[in-house]
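Source file structure.txt; content: compact mmCIF, C-alpha atoms and all ligand atoms.
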# COMPACT_ATOMS: atom_id res chain seq x y z
CA MET A 1 2.03 45.36 -6.46
CA SER A 2 -0.94 43.00 -6.04
CA ASP A 3 -4.07 45.05 -6.07
CA ILE A 4 -5.45 46.13 -2.76
CA PRO A 5 -9.09 45.00 -3.29
CA THR A 6 -7.90 41.44 -4.08
CA ILE A 7 -5.74 41.29 -0.99
CA GLU A 8 -8.56 42.69 1.08
CA SER A 9 -11.15 40.21 -0.18
CA GLU A 10 -8.71 37.30 0.27
CA ALA A 11 -7.88 38.42 3.80
CA LEU A 12 -11.54 38.93 4.75
CA ALA A 13 -12.46 35.51 3.32
CA SER A 14 -9.80 33.69 5.32
CA ILE A 15 -10.84 35.63 8.45
CA GLU A 16 -14.43 34.54 7.90
CA ASN A 17 -13.33 30.94 7.31
CA ALA A 18 -11.22 30.77 10.46
CA GLY A 19 -13.06 28.08 12.47
CA ASP A 20 -11.43 28.73 15.83
CA LEU A 21 -9.24 31.21 17.65
CA ALA A 22 -6.02 29.44 16.68
CA ALA A 23 -6.89 29.54 12.97
CA LEU A 24 -7.85 33.20 13.26
CA ASP A 25 -4.54 34.03 14.92
CA ALA A 26 -2.72 32.29 12.07
CA VAL A 27 -4.55 34.60 9.62
CA ARG A 28 -3.64 37.62 11.75
CA VAL A 29 0.06 36.64 11.67
CA ALA A 30 -0.10 35.99 7.92
CA GLU A 31 -1.58 39.42 7.22
CA LEU A 32 -0.57 41.75 10.05
CA GLY A 33 2.41 40.01 11.65
CA LYS A 34 5.98 41.35 11.20
CA LYS A 35 6.37 39.32 8.03
CA GLY A 36 2.70 39.48 7.11
CA ARG A 37 1.33 40.41 3.72
CA VAL A 38 -0.35 43.65 4.75
CA SER A 39 2.62 44.63 6.94
CA GLY A 40 4.86 43.99 3.93
CA LEU A 41 2.80 46.40 1.87
CA MET A 42 3.01 49.01 4.59
CA LYS A 43 6.82 48.76 4.51
CA THR A 44 6.83 49.64 0.80
CA LEU A 45 5.52 53.10 1.69
CA GLY A 46 8.98 54.13 2.87
CA LYS A 47 10.49 53.53 -0.54
CA MET A 48 7.83 55.43 -2.45
CA SER A 49 8.07 58.87 -3.92
CA PRO A 50 6.12 61.51 -2.00
CA GLU A 51 3.38 61.55 -4.65
CA GLU A 52 2.99 57.80 -4.65
CA ARG A 53 2.97 57.78 -0.89
CA GLN A 54 0.26 60.40 -0.79
CA GLU A 55 -1.89 58.21 -2.98
CA MET A 56 -1.07 54.79 -1.53
CA GLY A 57 -0.76 55.80 2.16
CA PRO A 58 -4.48 56.26 2.88
CA LYS A 59 -5.39 53.18 0.83
CA LEU A 60 -2.95 50.93 2.66
CA ASN A 61 -3.89 52.37 6.04
CA ALA A 62 -7.53 51.77 5.26
CA LEU A 63 -6.74 48.18 4.22
CA LYS A 64 -4.87 47.58 7.45
CA GLU A 65 -7.70 49.05 9.50
CA ARG A 66 -10.38 47.00 7.78
CA VAL A 67 -8.43 43.75 8.14
CA THR A 68 -7.72 44.57 11.80
CA ALA A 69 -11.39 45.35 12.44
CA ALA A 70 -12.51 42.16 10.68
CA ILE A 71 -10.13 40.09 12.82
CA GLU A 72 -11.41 41.75 16.02
CA ALA A 73 -15.04 41.13 15.02
CA ARG A 74 -14.39 37.48 14.15
CA LYS A 75 -12.43 37.05 17.37
CA ALA A 76 -15.38 38.24 19.43
CA VAL A 77 -17.67 35.76 17.67
CA LEU A 78 -15.25 32.85 18.12
CA GLU A 79 -14.71 33.69 21.79
CA ASP A 80 -18.47 33.64 22.40
CA GLU A 81 -18.75 30.31 20.64
CA ALA A 82 -15.86 28.87 22.61
CA LEU A 83 -17.44 29.99 25.88
CA GLU A 84 -20.78 28.50 24.96
CA ALA A 85 -19.14 25.20 24.00
CA GLN A 86 -17.29 25.14 27.32
CA VAL A 87 -20.44 25.89 29.31
CA ALA A 88 -22.30 23.15 27.46
CA ALA A 89 -19.48 20.67 28.06
CA GLU A 90 -19.22 21.47 31.75
CA LYS A 91 -22.98 21.49 32.42
CA ILE A 92 -24.03 19.18 35.26
CA ASP A 93 -27.30 17.38 34.71
CA LEU A 94 -28.86 17.62 38.15
CA THR A 95 -31.58 15.19 37.18
CA LEU A 96 -29.05 12.37 36.96
CA PRO A 97 -28.49 10.36 40.15
CA ALA A 98 -25.22 11.07 41.93
CA ARG A 99 -24.75 7.38 42.62
CA PRO A 100 -26.36 4.35 41.04
CA GLU A 101 -29.75 3.78 42.69
CA PRO A 102 -30.24 0.51 44.50
CA VAL A 103 -32.89 -1.45 42.69
CA GLY A 104 -35.39 -2.11 45.45
CA ARG A 105 -36.20 -1.07 48.98
CA LEU A 106 -37.56 -2.93 51.93
CA HIS A 107 -40.95 -1.56 52.95
CA PRO A 108 -40.85 0.03 56.45
CA VAL A 109 -43.41 -2.51 57.68
CA MET A 110 -41.12 -5.36 56.63
CA GLN A 111 -38.16 -3.59 58.23
CA VAL A 112 -40.08 -3.24 61.49
CA PHE A 113 -41.11 -6.93 61.34
CA GLU A 114 -37.41 -7.78 61.04
CA GLU A 115 -36.52 -5.48 63.94
CA ILE A 116 -39.23 -6.98 66.16
CA ALA A 117 -38.18 -10.51 65.26
CA ALA A 118 -34.56 -9.62 66.06
CA ILE A 119 -35.48 -8.21 69.48
CA PHE A 120 -37.77 -11.07 70.52
CA GLY A 121 -35.46 -13.62 68.92
CA ASP A 122 -32.79 -12.32 71.29
CA MET A 123 -35.20 -13.01 74.20
CA GLY A 124 -35.68 -16.59 73.06
CA PHE A 125 -38.96 -16.27 71.14
CA ALA A 126 -39.61 -18.40 68.05
CA VAL A 127 -41.67 -17.18 65.10
CA ALA A 128 -45.07 -18.86 64.51
CA GLU A 129 -47.49 -18.44 61.64
CA GLY A 130 -51.14 -19.03 60.83
CA PRO A 131 -53.47 -18.55 57.86
CA ASP A 132 -54.96 -15.20 56.87
CA ILE A 133 -58.33 -16.87 56.24
CA GLU A 134 -59.44 -18.21 59.61
CA ASP A 135 -62.44 -20.04 60.92
CA ASP A 136 -64.69 -18.50 63.49
CA TRP A 137 -63.45 -20.89 66.19
CA HIS A 138 -59.78 -19.82 65.99
CA ASN A 139 -60.49 -16.12 65.42
CA PHE A 140 -63.24 -15.74 68.07
CA THR A 141 -64.72 -18.70 69.94
CA ALA A 142 -61.51 -20.30 71.22
CA LEU A 143 -60.35 -16.83 72.25
CA ASN A 144 -63.32 -16.65 74.62
CA PHE A 145 -65.57 -14.47 72.50
CA PRO A 146 -68.89 -16.23 73.23
CA GLU A 147 -71.43 -16.42 70.37
CA GLY A 148 -73.24 -13.11 70.10
CA HIS A 149 -70.69 -11.36 72.33
CA PRO A 150 -70.61 -7.61 71.54
CA ALA A 151 -66.79 -7.68 71.29
CA ARG A 152 -67.17 -9.58 68.01
CA GLU A 153 -68.90 -6.55 66.53
CA THR A 154 -66.04 -4.18 67.39
CA HIS A 155 -63.72 -6.01 65.00
CA ASP A 156 -65.51 -4.92 61.78
CA THR A 157 -64.93 -8.39 60.40
CA PHE A 158 -64.73 -9.29 56.70
CA PHE A 159 -66.74 -12.50 56.22
CA MET A 160 -66.19 -15.01 53.43
CA ALA A 161 -69.14 -16.53 51.57
CA PRO A 162 -70.80 -19.29 53.67
CA ASP A 163 -69.84 -22.91 52.91
CA LYS A 164 -72.38 -25.77 52.40
CA GLU A 165 -73.02 -26.04 56.12
CA GLY A 166 -73.49 -22.27 56.30
CA ALA A 167 -70.20 -21.70 58.21
CA GLN A 168 -68.46 -18.47 57.32
CA LYS A 169 -64.71 -18.15 57.43
CA VAL A 170 -63.29 -14.71 58.16
CA LEU A 171 -60.22 -12.70 57.20
CA ARG A 172 -58.52 -12.89 60.59
CA THR A 173 -59.17 -9.70 62.53
CA HIS A 174 -56.06 -10.13 64.68
CA THR A 175 -53.03 -12.41 65.05
CA SER A 176 -54.42 -13.92 68.28
CA PRO A 177 -55.72 -17.06 66.47
CA VAL A 178 -52.04 -18.02 66.07
CA GLN A 179 -51.92 -18.29 69.89
CA ILE A 180 -54.69 -20.86 69.65
CA ARG A 181 -53.02 -22.82 66.85
CA THR A 182 -49.74 -22.88 68.77
CA MET A 183 -51.27 -23.96 72.10
CA VAL A 184 -53.34 -26.68 70.40
CA GLU A 185 -50.25 -28.08 68.72
CA GLU A 186 -47.53 -27.56 71.30
CA ALA A 187 -47.20 -28.31 74.99
CA PRO A 188 -45.80 -25.66 77.32
CA PRO A 189 -43.27 -24.11 77.66
CA ILE A 190 -44.20 -21.84 74.75
CA ARG A 191 -42.52 -18.62 73.74
CA ILE A 192 -43.58 -17.36 70.33
CA ILE A 193 -44.24 -14.25 68.33
CA ALA A 194 -46.61 -14.34 65.37
CA PRO A 195 -46.16 -11.58 62.82
CA GLY A 196 -48.75 -11.25 60.09
CA ARG A 197 -51.48 -9.48 58.21
CA VAL A 198 -54.87 -8.79 59.74
CA TYR A 199 -58.07 -7.33 58.30
CA ARG A 200 -60.79 -5.01 59.52
CA ASN A 201 -63.29 -2.91 57.62
CA ASP A 202 -61.86 0.52 58.42
CA TRP A 203 -60.25 3.29 56.30
CA ASP A 204 -58.70 6.62 57.35
CA ALA A 205 -55.25 8.15 57.97
CA THR A 206 -54.49 5.71 60.80
CA HIS A 207 -56.64 2.70 59.80
CA THR A 208 -56.41 0.59 56.66
CA PRO A 209 -58.54 -2.48 55.90
CA MET A 210 -55.40 -4.63 55.91
CA PHE A 211 -52.71 -3.98 58.48
CA HIS A 212 -50.00 -5.81 60.38
CA GLN A 213 -49.71 -7.12 63.91
CA VAL A 214 -47.23 -9.07 65.93
CA GLU A 215 -48.69 -11.35 68.55
CA GLY A 216 -46.66 -12.57 71.48
CA LEU A 217 -47.39 -15.57 73.68
CA VAL A 218 -45.50 -16.98 76.63
CA ILE A 219 -46.72 -20.03 78.56
CA GLU A 220 -44.20 -21.02 81.19
CA ASP A 221 -44.33 -22.10 84.80
CA GLY A 222 -44.48 -19.25 87.27
CA VAL A 223 -44.95 -16.54 84.65
CA HIS A 224 -46.81 -13.51 85.98
CA MET A 225 -47.76 -9.95 85.13
CA GLY A 226 -44.32 -8.69 86.23
CA HIS A 227 -42.67 -10.76 83.49
CA LEU A 228 -45.13 -9.35 80.98
CA LYS A 229 -44.27 -5.80 81.99
CA GLY A 230 -40.52 -6.38 82.02
CA CYS A 231 -40.60 -8.09 78.65
CA LEU A 232 -42.60 -5.32 76.99
CA ILE A 233 -40.59 -2.49 78.56
CA ASP A 234 -37.39 -4.16 77.33
CA PHE A 235 -38.96 -4.48 73.91
CA VAL A 236 -39.94 -0.79 73.73
CA LYS A 237 -36.45 0.32 74.80
CA ALA A 238 -34.79 -1.90 72.23
CA PHE A 239 -37.23 -1.00 69.46
CA PHE A 240 -37.07 2.77 69.90
CA GLU A 241 -33.34 2.55 70.69
CA ILE A 242 -33.65 4.48 73.94
CA ASP A 243 -32.08 3.79 77.35
CA GLU A 244 -35.09 4.50 79.51
CA VAL A 245 -38.81 4.61 78.99
CA GLU A 246 -41.60 5.28 81.44
CA ALA A 247 -44.54 2.97 80.82
CA ARG A 248 -47.95 2.52 82.37
CA PHE A 249 -50.33 -0.42 82.07
CA ARG A 250 -53.92 0.79 81.95
CA PRO A 251 -56.66 -1.74 82.77
CA HIS A 252 -58.53 -2.72 79.63
CA PHE A 253 -60.78 -5.48 78.34
CA PHE A 254 -59.96 -8.31 75.94
CA PRO A 255 -62.05 -11.49 76.10
CA PHE A 256 -58.92 -13.66 75.85
CA THR A 257 -56.84 -12.14 78.66
CA GLU A 258 -57.55 -11.54 82.33
CA PRO A 259 -56.37 -9.16 83.64
CA SER A 260 -55.97 -7.17 80.44
CA ALA A 261 -54.12 -3.94 79.90
CA GLU A 262 -53.12 -1.40 77.34
CA MET A 263 -49.52 -0.29 77.53
CA ASP A 264 -48.82 3.43 77.25
CA VAL A 265 -45.37 4.98 76.99
CA LYS A 266 -44.25 8.51 77.82
CA CYS A 267 -43.83 10.66 74.76
CA ASP A 268 -43.25 14.24 73.69
CA ARG A 269 -45.53 15.68 71.01
CA SER A 270 -44.17 19.26 71.10
CA GLY A 271 -42.63 20.78 67.96
CA GLY A 272 -44.71 18.65 65.63
CA GLN A 273 -42.48 15.65 66.23
CA MET A 274 -43.21 12.57 68.28
CA LYS A 275 -40.42 11.48 70.61
CA ILE A 276 -40.89 8.27 72.55
CA GLY A 277 -39.41 8.08 76.03
CA GLU A 278 -39.38 11.85 76.69
CA GLY A 279 -41.95 14.47 77.62
CA GLU A 280 -45.19 14.42 79.57
CA ASP A 281 -47.73 12.86 77.19
CA TRP A 282 -48.83 9.24 77.02
CA MET A 283 -49.04 7.17 73.89
CA GLU A 284 -50.89 3.86 73.69
CA ILE A 285 -48.83 1.28 71.87
CA LEU A 286 -50.19 -2.21 72.48
CA GLY A 287 -52.67 -4.52 74.16
CA CYS A 288 -51.68 -7.30 76.54
CA GLY A 289 -52.69 -9.43 79.49
CA MET A 290 -52.52 -12.78 81.25
CA VAL A 291 -53.95 -15.55 79.08
CA HIS A 292 -57.56 -16.21 80.17
CA PRO A 293 -58.09 -19.65 81.82
CA ASN A 294 -60.92 -20.35 79.33
CA VAL A 295 -58.48 -19.89 76.43
CA LEU A 296 -56.02 -22.35 77.97
CA LYS A 297 -58.86 -24.84 78.52
CA ASN A 298 -60.06 -24.41 74.93
CA CYS A 299 -56.58 -25.42 73.79
CA GLY A 300 -56.32 -28.41 76.13
CA ILE A 301 -53.94 -26.76 78.60
CA ASP A 302 -54.75 -27.09 82.30
CA PRO A 303 -55.08 -23.54 83.70
CA ASP A 304 -54.38 -24.85 87.21
CA LYS A 305 -50.95 -26.02 86.06
CA HIS A 306 -49.93 -23.44 83.47
CA GLN A 307 -50.33 -19.79 82.89
CA GLY A 308 -48.81 -17.17 80.70
CA PHE A 309 -49.11 -13.82 79.06
CA ALA A 310 -49.90 -12.50 75.61
CA PHE A 311 -49.64 -9.23 73.76
CA GLY A 312 -50.55 -7.82 70.38
CA VAL A 313 -48.94 -4.83 68.76
CA GLY A 314 -49.82 -2.90 65.61
CA VAL A 315 -46.74 -2.91 63.41
CA ASP A 316 -47.86 -0.19 60.98
CA ARG A 317 -48.33 2.25 63.83
CA LEU A 318 -44.99 1.32 65.43
CA ALA A 319 -43.34 2.03 62.07
CA MET A 320 -45.15 5.38 61.88
CA LEU A 321 -43.93 6.31 65.36
CA LYS A 322 -40.34 5.23 64.79
CA TYR A 323 -39.82 6.50 61.26
CA GLY A 324 -42.12 9.56 61.23
CA MET A 325 -44.62 8.60 58.57
CA PRO A 326 -47.71 10.75 59.15
CA ASP A 327 -50.27 8.75 57.17
CA LEU A 328 -50.87 5.02 56.84
CA ARG A 329 -52.59 5.00 53.45
CA PRO A 330 -49.44 5.50 51.30
CA TYR A 331 -48.08 2.26 52.86
CA PHE A 332 -50.24 0.37 50.42
CA GLU A 333 -50.09 2.59 47.33
CA ALA A 334 -46.79 1.20 45.99
CA ASP A 335 -45.57 4.69 45.03
CA PRO A 336 -41.85 4.28 44.18
CA ALA A 337 -41.04 7.80 45.41
CA TRP A 338 -42.53 6.98 48.82
CA THR A 339 -40.76 3.64 48.99
CA ARG A 340 -37.45 5.26 48.03
CA HIS A 341 -37.90 7.87 50.74
CA TYR A 342 -39.14 5.65 53.59
CA GLY A 343 -37.79 2.27 52.46
CA PHE A 344 -34.69 0.46 53.71
CA ARG A 345 -31.74 -1.13 51.98
CA PRO A 346 -32.64 -4.78 51.80
CA TRP A 347 -29.22 -6.11 52.71
CA LEU A 348 -28.97 -4.25 56.03
CA THR A 349 -30.66 -6.90 58.15
CA PRO A 350 -31.51 -5.53 61.61
CA SER A 351 -29.94 -7.27 64.55
CA VAL A 352 -29.82 -6.54 68.26
CA SER A 353 -26.02 -6.60 68.32
CA GLY A 354 -25.36 -4.94 64.96
CA GLY A 355 -28.03 -2.24 65.20
CA LEU A 356 -31.71 -2.20 64.41
CA SER A 357 -32.17 0.75 62.08
N1 LIG B 1 -55.72 -9.14 69.65
C1 LIG B 1 -55.76 -7.85 70.27
C2 LIG B 1 -56.17 -6.81 69.23
O1 LIG B 1 -56.10 -7.07 68.07
C3 LIG B 1 -54.43 -7.48 70.85
C4 LIG B 1 -54.03 -8.37 71.99
C5 LIG B 1 -53.30 -9.52 71.78
C6 LIG B 1 -54.37 -8.04 73.30
C7 LIG B 1 -52.93 -10.34 72.84
C8 LIG B 1 -54.00 -8.82 74.34
C9 LIG B 1 -53.28 -9.96 74.12
O2 LIG B 1 -56.57 -5.72 69.58
Starting from the file, lay out its structure as structure tokens.
Amino acid sequence: MSDIPTIESEALASIENAGDLAALDAVRVAELGKKGRVSGLMKTLGKMSPEERQEMGPKLNALKERVTAAIEARKAVLEDEALEAQVAAEKIDLTLPARPEPVGRLHPVMQVFEEIAAIFGDMGFAVAEGPDIEDDWHNFTALNFPEGHPARETHDTFFMAPDKEGAQKVLRTHTSPVQIRTMVEEAPPIRIIAPGRVYRNDWDATHTPMFHQVEGLVIEDGVHMGHLKGCLIDFVKAFFEIDEVEARFRPHFFPFTEPSAEMDVKCDRSGGQMKIGEGEDWMEILGCGMVHPNVLKNCGIDPDKHQGFAFGVGVDRLAMLKYGMPDLRPYFEADPAWTRHYGFRPWLTPSVSGGLS
């Protein structure tokens, strides 16, 4: 009979070497299975003399027990390893995106420009443009700000270095100079919007030194304040995607319009959220008025024959109101996390028929 210590050390070695549960089970069958080596030895006990059996019985039983225990111990280790491998294989990396990220986003200001252009385009307005660096005449004088008029001071103007004649250009403080450029170049009827950047020396949560406006100008026969109101109320309903809005036109002063007004809309500020078109509060959203006769004259249009209306709206603030951005400053910080959160998919062009937002 092969000696018991050899069998034991062979069996324990192959148990230790078993790399997975299947290999370990093969060792178990080879040693302890019906036809296994250890089982075979156990069977020989029956044929032994009582003396032999008394000697060999405990030894063989001990061998069987040790091999069994070694298999159990190895099995526990392999089961733990298998579980760990499975957990590692099935782990979900939550930091990976669920879907491929679109590469870029449209800034909310650009989205709102598109929405405004879509709405006014639907009303027959064309888009006009002018330069960001303006001369004093287009930015102020032609718009009926007389020299030394205090209203010039309220614009916190950025001045460029004086030229040889001492004239200083300015970073336009509003889009209204595009009205002037359009009326100088085109004869009525005129129906334009002028989206663009404007600049004023101001910096807090709701004012940045560069911001965006859309100007509107209509010069058509028989146009009056009622058309202005209807046009702007229609705009607000379309822009905020609401069926009804209560608006009021509060008398105001702009040198280039007479009468002038600020348009307020009903809003609800309860619950920390701003809702336009509901509630009992008023929210100022734009400035407007009938084009001042002096402005028409300055552009070579006869105020006795033609009149019209104009309006100017702050796009950054409209975007804040519609899309719930609380602070204006991050607009210009180019933080990708902010742009991903508040930005728009560039290929979803807003349209009046297809949906604005
Ligand atoms: N230009 C004015 C502003 O910047 C807005 C405005 C435009 C008001 C046209 C009336 C008419 O405040």
Would you mind listing, for every residue of chain A within 8 Å of ligand LIG 1 (chain B), the two atoms forming the shortest contact and the distance between them in Å to one decimal, using only C-alpha atoms and all ligand atoms, sorted by chain and ascending residue number, as CSV?
residue,atom,partner,partner_atom,distance
A:Thr173,CA,B:LIG1,O1,6.9
A:His174,CA,B:LIG1,O1,4.6
A:Thr175,CA,B:LIG1,N1,6.3
A:Ser176,CA,B:LIG1,N1,5.1
A:Gln213,CA,B:LIG1,O1,7.6
A:Glu215,CA,B:LIG1,C5,5.9
A:Gly216,CA,B:LIG1,C7,6.8
A:Leu217,CA,B:LIG1,C7,7.7
A:Phe254,CA,B:LIG1,C6,6.2
A:Phe256,CA,B:LIG1,C9,7.0
A:Thr257,CA,B:LIG1,C8,6.1
A:Ser260,CA,B:LIG1,C8,6.6
A:Ala261,CA,B:LIG1,C8,7.4
A:Glu262,CA,B:LIG1,C6,7.9
A:Leu286,CA,B:LIG1,C3,7.0
A:Gly287,CA,B:LIG1,C6,4.0
A:Cys288,CA,B:LIG1,C8,3.5
A:Gly289,CA,B:LIG1,C8,5.3
A:Met290,CA,B:LIG1,C9,7.7
A:Val291,CA,B:LIG1,C9,7.5
A:Phe309,CA,B:LIG1,C9,7.5
A:Ala310,CA,B:LIG1,C9,4.5
A:Phe311,CA,B:LIG1,C7,3.6
A:Gly312,CA,B:LIG1,C5,3.5
A:Val313,CA,B:LIG1,C3,6.4
A:Gly314,CA,B:LIG1,O1,7.9
For A:Asp135, list every protein, DNA or RNA residue within 12 Å, evaluated using all atoms listed in the file, and leave out those in the same chain fewer than 2 positions away; present the list as a ChimeraX atom specification.
-> /A:130-133,137-143,157-160,162-163,167-173,177-178,180-181
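The shortest atom-to-atom distance to A:Asp202, with all atoms listed in the file taken into account, belongs to A:Leu328 out of A:Ile71, A:Ile301, A:Leu328, A:Met42.
Across A:Thr208, A:Ser9, A:Thr154, A:Ser270, the tightest approach to A:Arg66 is made by A:Ser9 when counting all atoms listed in the file.
Atom CA of A:Lys35 lies 20.0 Å from atom CA of A:Pro5.
Residues within 8 Å of A:Phe239, counting all atoms listed in the file and excluding same-chain residues fewer than 3 positions away, are Glu115, Ile116, Ile119, Phe235, Val236, Ile242 and Leu356 of chain A.
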Let's have the selection written as a PDB file, in the frame of the given file, with C-alpha atoms.
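Result file out28.pdb:
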ATOM      1  CA  GLU A 115     -36.520  -5.480  63.940  1.00  0.00           C
ATOM      2  CA  ILE A 116     -39.230  -6.980  66.160  1.00  0.00           C
ATOM      3  CA  ILE A 119     -35.480  -8.210  69.480  1.00  0.00           C
ATOM      4  CA  PHE A 235     -38.960  -4.480  73.910  1.00  0.00           C
ATOM      5  CA  VAL A 236     -39.940  -0.790  73.730  1.00  0.00           C
ATOM      6  CA  ILE A 242     -33.650   4.480  73.940  1.00  0.00           C
ATOM      7  CA  LEU A 356     -31.710  -2.200  64.410  1.00  0.00           C
TER       8      LEU A 356
END
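Atom CA of A:Val67 is found 7.1 Å from atom CA of A:Glu8.
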Counting only C-alpha atoms, which residues come within 12 Å of (-6.8, 47.3, -4.6), with the point read in the file's coordinates, and could you list them as a ChimeraX atom specification?
-> /A:1-10,38,41,56,58-60,62-63
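In this structure, atom CA of A:Lys305 sits 10.5 Å away from atom CA of A:Pro293.
Nearest to A:His149 of all the residues A:Ala26, A:Pro255, A:Leu318, A:Asp335 is A:Pro255, counting all atoms listed in the file.
Counting only C-alpha atoms and comparing A:Lys43, A:Ala70, A:Glu185, A:His292, the residue that lies closest to A:Asp304 is A:His292.
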How big is the axis-aligned box around all listed atoms of stretch 38-43 of chain A once 8 Å goes on each side, and where's its centre, in Å to one decimal, as JSON?
{"center_x": 3.2, "center_y": 46.3, "center_z": 4.4, "size_x": 23.2, "size_y": 21.4, "size_z": 21.1}
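Remark: for A:Pro350, the closest of the candidate residues A:Ala238, A:Ile285, A:Ala151, A:Val223 is A:Ala238 (distances computed over all atoms listed in the file).
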